[in-house]
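Novice: Sharing final-v5.cif here; it has mmCIF, C-alpha atoms.
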data_start
#
loop_
_atom_site.label_atom_id
_atom_site.label_comp_id
_atom_site.auth_asym_id
_atom_site.auth_seq_id
_atom_site.Cartn_x
_atom_site.Cartn_y
_atom_site.Cartn_z
CA MET V 1 20.38 -192.22 -113.19
CA THR V 2 17.43 -191.40 -115.44
CA ALA V 3 14.53 -189.12 -114.60
CA SER V 4 12.18 -192.12 -114.65
CA PHE V 5 14.32 -193.81 -111.97
CA PHE V 6 13.94 -190.84 -109.62
CA ASP V 7 10.21 -190.67 -110.37
CA THR V 8 9.95 -194.32 -109.36
CA LEU V 9 12.05 -193.67 -106.25
CA TRP V 10 9.78 -190.77 -105.22
CA THR V 11 6.69 -192.93 -105.75
CA SER V 12 8.19 -195.81 -103.75
CA LEU V 13 9.12 -193.83 -100.63
CA PRO V 14 7.22 -195.46 -97.76
CA VAL V 15 6.74 -192.25 -95.73
CA PRO V 16 4.63 -189.17 -96.58
CA CYS V 17 6.74 -186.55 -98.39
CA LEU V 18 5.83 -183.06 -99.61
CA VAL V 19 7.75 -180.40 -101.51
CA ILE V 20 6.83 -176.75 -100.93
CA ASP V 21 8.02 -173.66 -102.78
CA GLY V 22 9.22 -170.27 -101.50
CA GLN V 23 5.63 -169.21 -100.79
CA ASN V 24 4.96 -172.35 -98.75
CA LYS V 25 2.67 -173.77 -101.41
CA ILE V 26 2.60 -177.48 -102.14
CA VAL V 27 4.50 -178.29 -105.33
CA GLU V 28 4.53 -182.09 -105.15
CA ILE V 29 3.44 -184.94 -102.88
CA ASN V 30 4.18 -188.66 -103.10
CA PRO V 31 1.55 -191.47 -102.98
CA SER V 32 2.20 -192.14 -99.28
CA GLY V 33 1.55 -188.45 -98.67
CA GLU V 34 -1.71 -188.61 -100.61
CA THR V 35 -2.83 -191.52 -98.43
CA PHE V 36 -1.80 -189.71 -95.26
CA MET V 37 -3.57 -186.50 -96.33
CA ASN V 38 -6.56 -188.42 -97.70
CA ALA V 39 -6.41 -186.21 -100.82
CA SER V 40 -5.03 -186.45 -104.34
CA ALA V 41 -1.85 -184.72 -105.48
CA LYS V 42 -3.88 -182.83 -108.08
CA SER V 43 -6.12 -181.28 -105.41
CA LEU V 44 -3.15 -180.39 -103.18
CA ARG V 45 -0.74 -178.82 -105.69
CA GLY V 46 -0.70 -175.05 -105.37
CA ALA V 47 -2.47 -175.01 -102.00
CA PRO V 48 -0.83 -173.29 -98.98
CA VAL V 49 0.75 -176.13 -97.05
CA TRP V 50 -0.49 -175.01 -93.61
CA ASP V 51 -4.06 -174.91 -94.93
CA LYS V 52 -3.81 -178.61 -95.74
CA LEU V 53 -1.32 -179.86 -93.14
CA HIS V 54 -2.29 -179.17 -89.54
CA VAL V 55 0.59 -179.40 -87.06
CA ASN V 56 0.49 -178.61 -83.34
CA ALA V 57 3.89 -176.88 -83.55
CA PRO V 58 5.10 -173.63 -85.19
CA LEU V 59 6.54 -175.28 -88.30
CA ASP V 60 6.29 -172.07 -90.33
CA GLU V 61 9.10 -170.66 -88.17
CA ALA V 62 11.09 -173.88 -88.60
CA VAL V 63 10.71 -173.64 -92.39
CA MET V 64 12.01 -170.05 -92.33
CA ARG V 65 15.05 -171.18 -90.31
CA VAL V 66 15.79 -174.03 -92.72
CA ARG V 67 15.67 -171.62 -95.68
CA ARG V 68 17.84 -169.09 -93.91
CA ASP V 69 20.50 -171.56 -92.71
CA SER V 70 20.28 -174.02 -95.63
CA SER V 71 20.38 -176.90 -93.17
CA ALA V 72 18.11 -179.75 -92.16
CA LEU V 73 15.86 -179.58 -89.10
CA PHE V 74 14.12 -182.31 -87.13
CA VAL V 75 10.94 -181.81 -85.11
CA ASN V 76 10.07 -184.82 -82.98
CA THR V 77 6.74 -186.05 -81.61
CA VAL V 78 4.15 -183.60 -82.91
CA ASP V 79 0.54 -184.24 -83.88
CA VAL V 80 -0.03 -183.92 -87.63
CA GLY V 81 -3.36 -184.10 -89.40
CA SER V 82 -5.13 -182.99 -92.55
CA GLY V 83 -8.58 -182.20 -91.21
CA GLU V 84 -9.91 -185.34 -92.93
CA LYS V 85 -9.09 -187.74 -90.09
CA PRO V 86 -7.74 -187.67 -86.52
CA PRO V 87 -4.15 -186.35 -86.09
CA VAL V 88 -1.25 -188.79 -85.99
CA GLU V 89 1.86 -188.44 -83.86
CA CYS V 90 4.82 -187.89 -86.20
CA ASN V 91 8.47 -186.97 -86.37
CA VAL V 92 8.94 -184.25 -89.01
CA GLN V 93 12.09 -183.64 -91.05
CA LEU V 94 12.69 -180.47 -93.07
CA THR V 95 15.52 -179.89 -95.54
CA THR V 96 16.38 -177.70 -98.49
CA ILE V 97 16.59 -179.00 -102.07
CA VAL V 98 19.80 -178.51 -104.03
CA ASP V 99 19.40 -176.20 -107.08
CA ARG V 100 15.89 -175.24 -105.99
CA PRO V 101 16.22 -172.02 -103.96
CA GLY V 102 13.45 -171.62 -101.41
CA TYR V 103 12.10 -175.14 -101.93
CA ILE V 104 11.72 -177.35 -98.84
CA LEU V 105 11.27 -181.11 -98.59
CA ILE V 106 9.01 -182.18 -95.70
CA LEU V 107 9.15 -185.81 -94.58
CA LEU V 108 6.60 -187.12 -92.08
CA ASP V 109 7.44 -190.20 -90.03
CA PRO V 110 4.15 -191.39 -88.47
CA ARG V 111 4.78 -192.97 -85.09
CA GLU V 112 1.25 -194.40 -84.86
CA ILE V 113 1.99 -197.53 -86.88
CA ALA V 114 5.26 -198.32 -85.09
CA HIS V 115 3.59 -197.78 -81.72
CA LYS V 116 0.62 -199.99 -82.59
CA MET V 117 2.81 -202.74 -84.02
CA GLY V 118 4.92 -202.75 -80.89
CA ARG V 119 1.82 -202.88 -78.75
CA ASP V 120 0.46 -205.67 -80.95
CA MET V 121 3.56 -207.80 -80.33
CA GLN V 122 3.20 -207.28 -76.57
CA SER V 123 -0.47 -208.18 -76.87
CA LYS V 124 0.39 -211.48 -78.56
CA THR V 125 2.68 -212.46 -75.68
CA ALA V 126 0.03 -211.58 -73.12
CA ALA V 127 -2.60 -213.40 -75.16
CA LYS V 128 -0.61 -216.65 -75.18
CA SER V 129 -0.50 -216.68 -71.38
CA ALA V 130 -4.19 -215.80 -71.16
CA ILE V 131 -5.11 -218.51 -73.68
CA GLY V 132 -3.25 -221.21 -71.74
CA MET V 133 -4.85 -220.23 -68.45
CA ALA V 134 -8.29 -219.89 -70.03
CA GLU V 135 -8.16 -223.31 -71.68
CA MET V 136 -7.16 -224.99 -68.42
CA LEU V 137 -9.90 -223.23 -66.46
CA ALA V 138 -12.52 -223.95 -69.14
CA HIS V 139 -11.75 -227.66 -69.01
CA GLU V 140 -11.73 -227.82 -65.21
CA ILE V 141 -14.92 -225.77 -64.76
CA LYS V 142 -17.09 -227.55 -67.36
CA ASN V 143 -16.94 -230.91 -65.58
CA PRO V 144 -18.41 -229.75 -62.23
CA LEU V 145 -20.89 -227.54 -64.09
CA ALA V 146 -22.28 -230.61 -65.83
CA GLY V 147 -22.79 -232.19 -62.41
CA ILE V 148 -24.48 -229.08 -61.02
CA THR V 149 -26.83 -228.91 -64.03
CA GLY V 150 -27.74 -232.57 -63.72
CA ALA V 151 -28.35 -232.28 -59.97
CA ALA V 152 -30.60 -229.24 -60.46
CA GLN V 153 -32.63 -231.08 -63.10
CA LEU V 154 -33.09 -234.07 -60.77
CA LEU V 155 -34.17 -231.82 -57.91
CA SER V 156 -36.71 -230.06 -60.12
CA MET V 157 -38.61 -233.33 -60.63
CA GLY V 158 -39.88 -233.23 -57.04
CA LEU V 159 -40.44 -229.48 -56.74
CA SER V 160 -43.07 -226.97 -57.76
CA GLY V 161 -43.82 -223.24 -57.72
CA ASP V 162 -41.03 -220.91 -56.56
CA ASP V 163 -38.70 -223.81 -55.82
CA ILE V 164 -38.72 -225.07 -59.40
CA GLU V 165 -38.01 -221.53 -60.62
CA LEU V 166 -34.79 -221.62 -58.59
CA THR V 167 -33.64 -224.92 -60.08
CA ASP V 168 -34.50 -223.64 -63.57
CA LEU V 169 -32.35 -220.59 -62.84
CA ILE V 170 -29.44 -222.85 -61.82
CA VAL V 171 -29.75 -224.81 -65.08
CA GLU V 172 -30.07 -221.68 -67.22
CA GLU V 173 -27.08 -219.94 -65.63
CA SER V 174 -24.97 -223.10 -65.78
CA ARG V 175 -25.67 -223.43 -69.50
CA ARG V 176 -24.76 -219.76 -70.01
CA VAL V 177 -21.40 -220.32 -68.32
CA VAL V 178 -20.79 -223.45 -70.43
CA LYS V 179 -21.51 -221.43 -73.56
CA LEU V 180 -18.91 -218.86 -72.48
CA LEU V 181 -16.39 -221.63 -71.77
CA ASP V 182 -17.03 -223.05 -75.24
CA GLN V 183 -16.04 -219.65 -76.67
CA VAL V 184 -12.87 -219.70 -74.56
CA GLU V 185 -11.98 -223.14 -75.90
CA GLN V 186 -12.69 -222.02 -79.46
CA PHE V 187 -10.33 -219.09 -78.92
CA GLY V 188 -7.55 -221.41 -77.77
CA ASN V 189 -8.11 -224.24 -80.25
CA LEU V 190 -8.54 -222.35 -83.51
CA ARG V 191 -7.21 -224.55 -86.31
CA PRO V 192 -4.36 -223.22 -88.46
CA PRO V 193 -5.64 -221.34 -91.52
CA LEU V 194 -5.98 -223.32 -94.76
CA ARG V 195 -4.60 -220.60 -96.99
CA LYS V 196 -5.11 -220.14 -100.70
CA SER V 197 -5.77 -217.35 -103.20
CA VAL V 198 -8.89 -215.48 -102.04
CA ASN V 199 -10.80 -212.57 -103.56
CA LEU V 200 -11.41 -210.19 -100.65
CA HIS V 201 -14.51 -208.68 -102.25
CA ASP V 202 -16.18 -212.09 -102.56
CA VAL V 203 -15.71 -212.70 -98.83
CA LEU V 204 -16.85 -209.17 -97.95
CA ASP V 205 -20.00 -209.64 -100.03
CA ARG V 206 -20.79 -212.88 -98.15
CA ALA V 207 -20.27 -211.15 -94.80
CA GLN V 208 -22.36 -208.16 -95.85
CA LYS V 209 -25.30 -210.25 -97.09
CA SER V 210 -25.32 -212.29 -93.90
CA ALA V 211 -25.19 -209.12 -91.77
CA ALA V 212 -27.94 -207.35 -93.74
CA VAL V 213 -30.53 -210.03 -92.97
CA GLY V 214 -29.47 -210.39 -89.34
CA PHE V 215 -27.74 -208.17 -86.82
CA ALA V 216 -27.22 -205.27 -89.28
CA ALA V 217 -30.78 -205.16 -90.63
CA ASN V 218 -31.23 -201.59 -89.36
CA MET V 219 -27.88 -200.37 -90.71
CA LYS V 220 -27.02 -198.75 -94.03
CA ILE V 221 -23.96 -200.48 -95.50
CA LYS V 222 -21.90 -198.62 -98.11
CA GLU V 223 -19.23 -200.15 -100.36
CA ASN V 224 -16.12 -198.25 -101.34
CA TYR V 225 -14.13 -200.94 -103.13
CA ASP V 226 -10.97 -200.77 -105.20
CA PRO V 227 -11.99 -203.07 -108.09
CA SER V 228 -8.36 -203.64 -109.09
CA LEU V 229 -7.40 -205.15 -105.72
CA PRO V 230 -5.44 -208.41 -106.25
CA PRO V 231 -6.24 -211.56 -104.24
CA THR V 232 -4.88 -212.22 -100.78
CA TYR V 233 -3.43 -215.45 -99.36
CA ALA V 234 -5.87 -216.53 -96.70
CA ASP V 235 -8.45 -218.94 -95.31
CA ALA V 236 -11.74 -217.64 -96.72
CA ASP V 237 -13.84 -219.03 -93.85
CA GLN V 238 -11.65 -217.41 -91.22
CA LEU V 239 -11.68 -214.09 -93.11
CA LEU V 240 -15.48 -214.33 -93.16
CA GLN V 241 -15.39 -214.79 -89.39
CA ILE V 242 -13.27 -211.62 -89.06
CA PHE V 243 -15.52 -209.46 -91.22
CA GLN V 244 -18.74 -210.72 -89.63
CA ASN V 245 -17.36 -209.99 -86.18
CA LEU V 246 -16.33 -206.44 -87.12
CA LEU V 247 -19.66 -205.74 -88.84
CA LYS V 248 -21.48 -207.04 -85.75
CA ASN V 249 -19.42 -204.76 -83.49
CA ALA V 250 -20.21 -201.78 -85.72
CA SER V 251 -23.92 -202.61 -85.66
CA GLU V 252 -24.00 -203.00 -81.90
CA ALA V 253 -22.27 -199.64 -81.48
CA ALA V 254 -25.05 -197.82 -83.36
CA SER V 255 -28.09 -196.22 -81.81
CA PRO V 256 -31.42 -198.11 -81.89
CA ALA V 257 -32.34 -196.05 -84.97
CA GLY V 258 -29.39 -197.54 -86.85
CA GLY V 259 -26.41 -195.95 -88.52
CA THR V 260 -24.01 -196.29 -91.44
CA ILE V 261 -21.20 -198.76 -92.00
CA GLU V 262 -18.71 -198.18 -94.79
CA ILE V 263 -16.60 -201.05 -96.11
CA ARG V 264 -13.51 -199.69 -97.86
CA THR V 265 -10.77 -201.57 -99.69
CA PHE V 266 -7.57 -200.11 -101.10
CA TYR V 267 -3.92 -200.84 -101.81
CA GLU V 268 -1.06 -199.38 -99.77
CA MET V 269 2.35 -200.70 -100.71
CA SER V 270 4.35 -199.06 -97.90
CA LEU V 271 3.07 -201.08 -94.93
CA ARG V 272 5.14 -204.02 -93.70
CA VAL V 273 5.01 -206.31 -90.66
CA GLN V 274 7.72 -208.31 -88.94
CA ARG V 275 7.35 -212.09 -89.00
CA PRO V 276 8.26 -214.27 -86.00
CA ASP V 277 11.53 -215.23 -87.78
CA GLY V 278 12.57 -211.57 -87.96
CA THR V 279 11.94 -211.08 -91.68
CA ARG V 280 9.63 -208.33 -92.89
CA ALA V 281 6.64 -208.90 -95.15
CA ALA V 282 4.47 -206.51 -97.12
CA VAL V 283 0.76 -206.30 -96.21
CA PRO V 284 -0.53 -204.00 -98.95
CA LEU V 285 -4.17 -205.16 -99.11
CA GLN V 286 -6.28 -202.96 -96.86
CA VAL V 287 -9.85 -203.49 -95.64
CA GLU V 288 -11.50 -200.88 -93.42
CA ILE V 289 -14.79 -201.29 -91.54
CA ILE V 290 -15.94 -197.76 -90.67
CA ASP V 291 -18.94 -196.89 -88.50
CA ASP V 292 -20.48 -193.61 -87.35
CA GLY V 293 -21.23 -194.76 -83.80
CA PRO V 294 -20.12 -193.08 -80.56
CA GLY V 295 -16.59 -194.48 -80.70
CA LEU V 296 -14.66 -196.68 -78.29
CA PRO V 297 -14.31 -195.69 -74.63
CA SER V 298 -11.01 -193.82 -74.31
CA ASP V 299 -9.76 -196.16 -71.58
CA LEU V 300 -10.25 -199.22 -73.83
CA ALA V 301 -9.08 -197.91 -77.21
CA GLY V 302 -5.56 -199.26 -76.74
CA GLU V 303 -6.63 -202.64 -75.34
CA VAL V 304 -9.58 -203.79 -77.45
CA PHE V 305 -7.61 -206.71 -78.96
CA GLU V 306 -6.65 -208.08 -75.54
CA PRO V 307 -8.51 -211.19 -74.33
CA PHE V 308 -11.35 -210.52 -71.87
CA VAL V 309 -11.45 -206.75 -72.51
CA SER V 310 -14.92 -205.55 -73.46
CA GLY V 311 -16.71 -202.21 -73.53
CA ARG V 312 -20.17 -203.80 -73.58
CA GLU V 313 -22.23 -205.01 -70.65
CA ASN V 314 -22.09 -208.82 -70.49
CA GLY V 315 -19.48 -208.84 -73.27
CA THR V 316 -16.93 -211.67 -73.12
CA GLY V 317 -14.05 -209.67 -74.56
CA LEU V 318 -13.11 -212.58 -76.83
CA GLY V 319 -14.49 -211.42 -80.19
CA LEU V 320 -11.81 -208.87 -81.10
CA ALA V 321 -9.09 -210.94 -79.45
CA LEU V 322 -10.08 -213.82 -81.74
CA VAL V 323 -10.09 -211.46 -84.75
CA SER V 324 -6.59 -210.27 -83.83
CA LYS V 325 -5.39 -213.87 -83.45
CA ILE V 326 -6.72 -214.87 -86.89
CA VAL V 327 -5.20 -211.81 -88.57
CA SER V 328 -1.85 -212.50 -86.90
CA GLU V 329 -1.89 -216.13 -88.12
CA HIS V 330 -2.40 -214.79 -91.65
CA ASP V 331 0.80 -212.69 -91.34
CA GLY V 332 -1.41 -209.61 -91.29
CA TRP V 333 -2.02 -206.65 -89.02
CA ILE V 334 -5.12 -205.08 -87.48
CA SER V 335 -5.51 -201.62 -85.98
CA VAL V 336 -8.25 -199.30 -84.81
CA THR V 337 -8.67 -195.54 -84.67
CA SER V 338 -11.70 -194.17 -82.91
CA ALA V 339 -13.34 -190.82 -82.29
CA PRO V 340 -16.99 -189.94 -81.68
CA GLY V 341 -18.80 -190.42 -84.98
CA ARG V 342 -16.01 -192.37 -86.70
CA THR V 343 -14.42 -195.68 -85.70
CA VAL V 344 -12.17 -197.44 -88.22
CA PHE V 345 -11.01 -201.04 -87.91
CA ARG V 346 -8.31 -201.63 -90.50
CA ILE V 347 -7.06 -205.07 -91.57
CA SER V 348 -3.84 -205.30 -93.61
CA LEU V 349 -3.22 -208.56 -95.47
CA PRO V 350 -0.50 -210.01 -97.73
CA LEU V 351 -0.58 -210.81 -101.43
CA VAL V 352 -0.51 -214.35 -102.78
CA PRO V 353 3.16 -215.45 -102.76
CA LYS V 354 4.71 -215.22 -106.21
CA ILE V 355 5.68 -218.87 -106.20
CA LEU V 356 1.95 -219.77 -105.87
CA ASP V 357 0.79 -217.08 -108.28
CA LEU V 358 2.47 -218.65 -111.29
#
Would you mind writing the file's structure down as structure tokens?
Specialist:
Amino acid sequence: MTASFFDTLWTSLPVPCLVIDGQNKIVEINPSGETFMNASAKSLRGAPVWDKLHVNAPLDEAVMRVRRDSSALFVNTVDVGSGEKPPVECNVQLTTIVDRPGYILILLDPREIAHKMGRDMQSKTAAKSAIGMAEMLAHEIKNPLAGITGAAQLLSMGLSGDDIELTDLIVEESRRVVKLLDQVEQFGNLRPPLRKSVNLHDVLDRAQKSAAVGFAANMKIKENYDPSLPPTYADADQLLQIFQNLLKNASEAASPAGGTIEIRTFYEMSLRVQRPDGTRAAVPLQVEIIDDGPGLPSDLAGEVFEPFVSGRENGTGLGLALVSKIVSEHDGWISVTSAPGRTVFRISLPLVPKILDL
């Protein structure tokens, strides 16, 4: 094996990996580690590892034991962070390196992604049942509502004063319920995506321009794009619907004085999702919608993609469920991390299949 092969292997490892020397200083870190730490290898090399890697367990003692016994050690289910973003629950593996006395290899196995993906699959099953029930109810309720609205309008012709206000209220409320039922039917009857090669930045620009003259007029929107990002395989109109929905949510979460939304794109080759047929597919194209609002209520953070779950008064709870459904039908994945002052919705999408990219 050549040195270049092992360099490629190190770069390709899908989990964050660090090498520290006998003084517990960072010697090397792989690209997945840079992403996890939200810092470049250049800025991390030579830094004391525990200044950069924050763990809620006494790993310095574990490192000493690994050096002393020259054996591997596993530390399960600890919170690991870098100070740049909220901690992530990880399993940590420590082992010595042959021919490098005192050097330790640290592998981090983030449990957050596996947990969220598992929860996402459960959510899809629950959503199918909810969709079927919702469609049936929407159809059955709209017919009598039309009759109620018509009857109220007929009654209003012979009324005046306070009485006509009551019939107007019946009509107004009936129409509001019909509008909600229309959303339910849209959720259940979304057409399959018409997928083709799509430039993500073109779609994001369309969503941003629409938001800036409407619901996000009081928000500052920042772009943090990776200009080298290759195209995805998607339905551009449905992607636009996703981004507009997430930008609207971020705007509504802000204070009346406004706030800041950051749109970030980047490439992460390690993330994969499992298709319905059991095969795994890479989703390396990442889009993050980041806002500085108060964050999601803690009791809803794990359920925001479920149908009919909403943290807003009079919210239908269908917007994010619809977003999740569209992303899923694009063989993608959506997640959210939230803390006061920073909420991040992250969409992971596939590349254009090679057979279509020729």
Novice: Name the closest residue to V:Arg176 among the candidates V:Lys248, V:Gly147, V:Arg206, V:Lys142; distances are taken between atoms, counting all atoms listed in the file.
Specialist: V:Lys142
Novice: The PyMOL selection byres ((chain V and resi 72-86) around 7) on the file shown: which residues, as a PDB file with C-alpha atoms, in the frame of the given file?
Specialist:
ATOM      1  CA  MET V  37      -3.570-186.500 -96.330  1.00  0.00           C
ATOM      2  CA  ASN V  38      -6.560-188.420 -97.700  1.00  0.00           C
ATOM      3  CA  LYS V  52      -3.810-178.610 -95.740  1.00  0.00           C
ATOM      4  CA  LEU V  53      -1.320-179.860 -93.140  1.00  0.00           C
ATOM      5  CA  HIS V  54      -2.290-179.170 -89.540  1.00  0.00           C
ATOM      6  CA  VAL V  55       0.590-179.400 -87.060  1.00  0.00           C
ATOM      7  CA  ASN V  56       0.490-178.610 -83.340  1.00  0.00           C
ATOM      8  CA  ALA V  57       3.890-176.880 -83.550  1.00  0.00           C
ATOM      9  CA  VAL V  66      15.790-174.030 -92.720  1.00  0.00           C
ATOM     10  CA  SER V  71      20.380-176.900 -93.170  1.00  0.00           C
ATOM     11  CA  PRO V  87      -4.150-186.350 -86.090  1.00  0.00           C
ATOM     12  CA  VAL V  88      -1.250-188.790 -85.990  1.00  0.00           C
ATOM     13  CA  GLU V  89       1.860-188.440 -83.860  1.00  0.00           C
ATOM     14  CA  CYS V  90       4.820-187.890 -86.200  1.00  0.00           C
ATOM     15  CA  ASN V  91       8.470-186.970 -86.370  1.00  0.00           C
ATOM     16  CA  VAL V  92       8.940-184.250 -89.010  1.00  0.00           C
ATOM     17  CA  GLN V  93      12.090-183.640 -91.050  1.00  0.00           C
ATOM     18  CA  LEU V  94      12.690-180.470 -93.070  1.00  0.00           C
ATOM     19  CA  THR V  95      15.520-179.890 -95.540  1.00  0.00           C
ATOM     20  CA  THR V  96      16.380-177.700 -98.490  1.00  0.00           C
TER      21      THR V  96
END
Novice: Of the candidates V:Lys222, V:Ala152, V:Ala257, V:Ser324, which shows the shortest atom-to-atom distance to V:Leu239, using only C-alpha atoms?
Specialist: V:Ser324
Novice: Nearest to V:Leu154: which of V:Gly22, V:Asp168, V:Ile141, V:Met269 is it, counting only C-alpha atoms?
Specialist: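 Checking each candidate against V:Leu154, we get V:Asp168 as the closest.
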Novice: Written as a PyMOL selection string, which residues does the PyMOL selection byres ((chain V and resi 19) around 7) give for the file shown?
Specialist: chain V and resi 17-18+20-21+26-29+103-106
Novice: Please produce a file of those selected residues containing C-alpha atoms, as an mmCIF file, in the coordinates of the input.
Specialist:
data_model
loop_
_atom_site.group_PDB
_atom_site.id
_atom_site.type_symbol
_atom_site.label_atom_id
_atom_site.label_comp_id
_atom_site.auth_asym_id
_atom_site.auth_seq_id
_atom_site.Cartn_x
_atom_site.Cartn_y
_atom_site.Cartn_z
ATOM 1 C CA CYS V 17 6.740 -186.550 -98.390
ATOM 2 C CA LEU V 18 5.830 -183.060 -99.610
ATOM 3 C CA ILE V 20 6.830 -176.750 -100.930
ATOM 4 C CA ASP V 21 8.020 -173.660 -102.780
ATOM 5 C CA ILE V 26 2.600 -177.480 -102.140
ATOM 6 C CA VAL V 27 4.500 -178.290 -105.330
ATOM 7 C CA GLU V 28 4.530 -182.090 -105.150
ATOM 8 C CA ILE V 29 3.440 -184.940 -102.880
ATOM 9 C CA TYR V 103 12.100 -175.140 -101.930
ATOM 10 C CA ILE V 104 11.720 -177.350 -98.840
ATOM 11 C CA LEU V 105 11.270 -181.110 -98.590
ATOM 12 C CA ILE V 106 9.010 -182.180 -95.700
#
Novice: Write out, as a tab-separated table, each residue of stretch 191-305 of chain V that has an atom at most 10 Å from stretch 9-15 of chain V, together with the closest pair of atoms and their distance in Å to one decimal, counting only C-alpha atoms, rows going by chain and rising number.
Specialist:
residue	atom	partner	partner_atom	distance
V:Glu268	CA	V:Pro14	CA	9.4
V:Met269	CA	V:Pro14	CA	7.7
V:Ser270	CA	V:Pro14	CA	4.6
V:Leu271	CA	V:Pro14	CA	7.5
V:Arg272	CA	V:Pro14	CA	9.7
Novice: With all atoms listed in the file as the atoms that count, which of V:Ala212, V:Leu181, V:Ala234, V:Ile148 lies nearest to V:Thr167?
Specialist: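 Selected residue with least distance to V:Thr167: V:Ile148.
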Novice: What would the list of residues within 9 Å of (-14.8, -189.7, -83.2) (file frame) look like as JSON, numbers by chain, if only C-alpha atoms are what count?
Specialist: {"V": [86, 292, 293, 294, 295, 296, 337, 338, 339, 340, 341, 342, 343]}
Novice: Quick one: residues within 7 Å of stretch 260-267 of chain V, all atoms listed in the file counted, chain neighbours fewer than 2 positions away excluded, as a PDB file with C-alpha atoms, in the coordinates of the input?
Specialist:
ATOM      1  CA  MET V 219     -27.880-200.370 -90.710  1.00  0.00           C
ATOM      2  CA  LYS V 220     -27.020-198.750 -94.030  1.00  0.00           C
ATOM      3  CA  ILE V 221     -23.960-200.480 -95.500  1.00  0.00           C
ATOM      4  CA  LYS V 222     -21.900-198.620 -98.110  1.00  0.00           C
ATOM      5  CA  GLU V 223     -19.230-200.150-100.360  1.00  0.00           C
ATOM      6  CA  ASN V 224     -16.120-198.250-101.340  1.00  0.00           C
ATOM      7  CA  TYR V 225     -14.130-200.940-103.130  1.00  0.00           C
ATOM      8  CA  ASP V 226     -10.970-200.770-105.200  1.00  0.00           C
ATOM      9  CA  LEU V 229      -7.400-205.150-105.720  1.00  0.00           C
ATOM     10  CA  MET V 269       2.350-200.700-100.710  1.00  0.00           C
ATOM     11  CA  PRO V 284      -0.530-204.000 -98.950  1.00  0.00           C
ATOM     12  CA  LEU V 285      -4.170-205.160 -99.110  1.00  0.00           C
ATOM     13  CA  GLN V 286      -6.280-202.960 -96.860  1.00  0.00           C
ATOM     14  CA  VAL V 287      -9.850-203.490 -95.640  1.00  0.00           C
ATOM     15  CA  GLU V 288     -11.500-200.880 -93.420  1.00  0.00           C
ATOM     16  CA  ILE V 289     -14.790-201.290 -91.540  1.00  0.00           C
ATOM     17  CA  ILE V 290     -15.940-197.760 -90.670  1.00  0.00           C
ATOM     18  CA  ASP V 291     -18.940-196.890 -88.500  1.00  0.00           C
ATOM     19  CA  ASP V 292     -20.480-193.610 -87.350  1.00  0.00           C
TER      20      ASP V 292
END
Novice: Just the number, please: distance in Å from atom CA of V:Asn218 to atom CA of V:Leu246, one decimal.
Specialist: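 Computing the Euclidean distance for atom CA of V:Asn218 and atom CA of V:Leu246 yields 15.8 Å.
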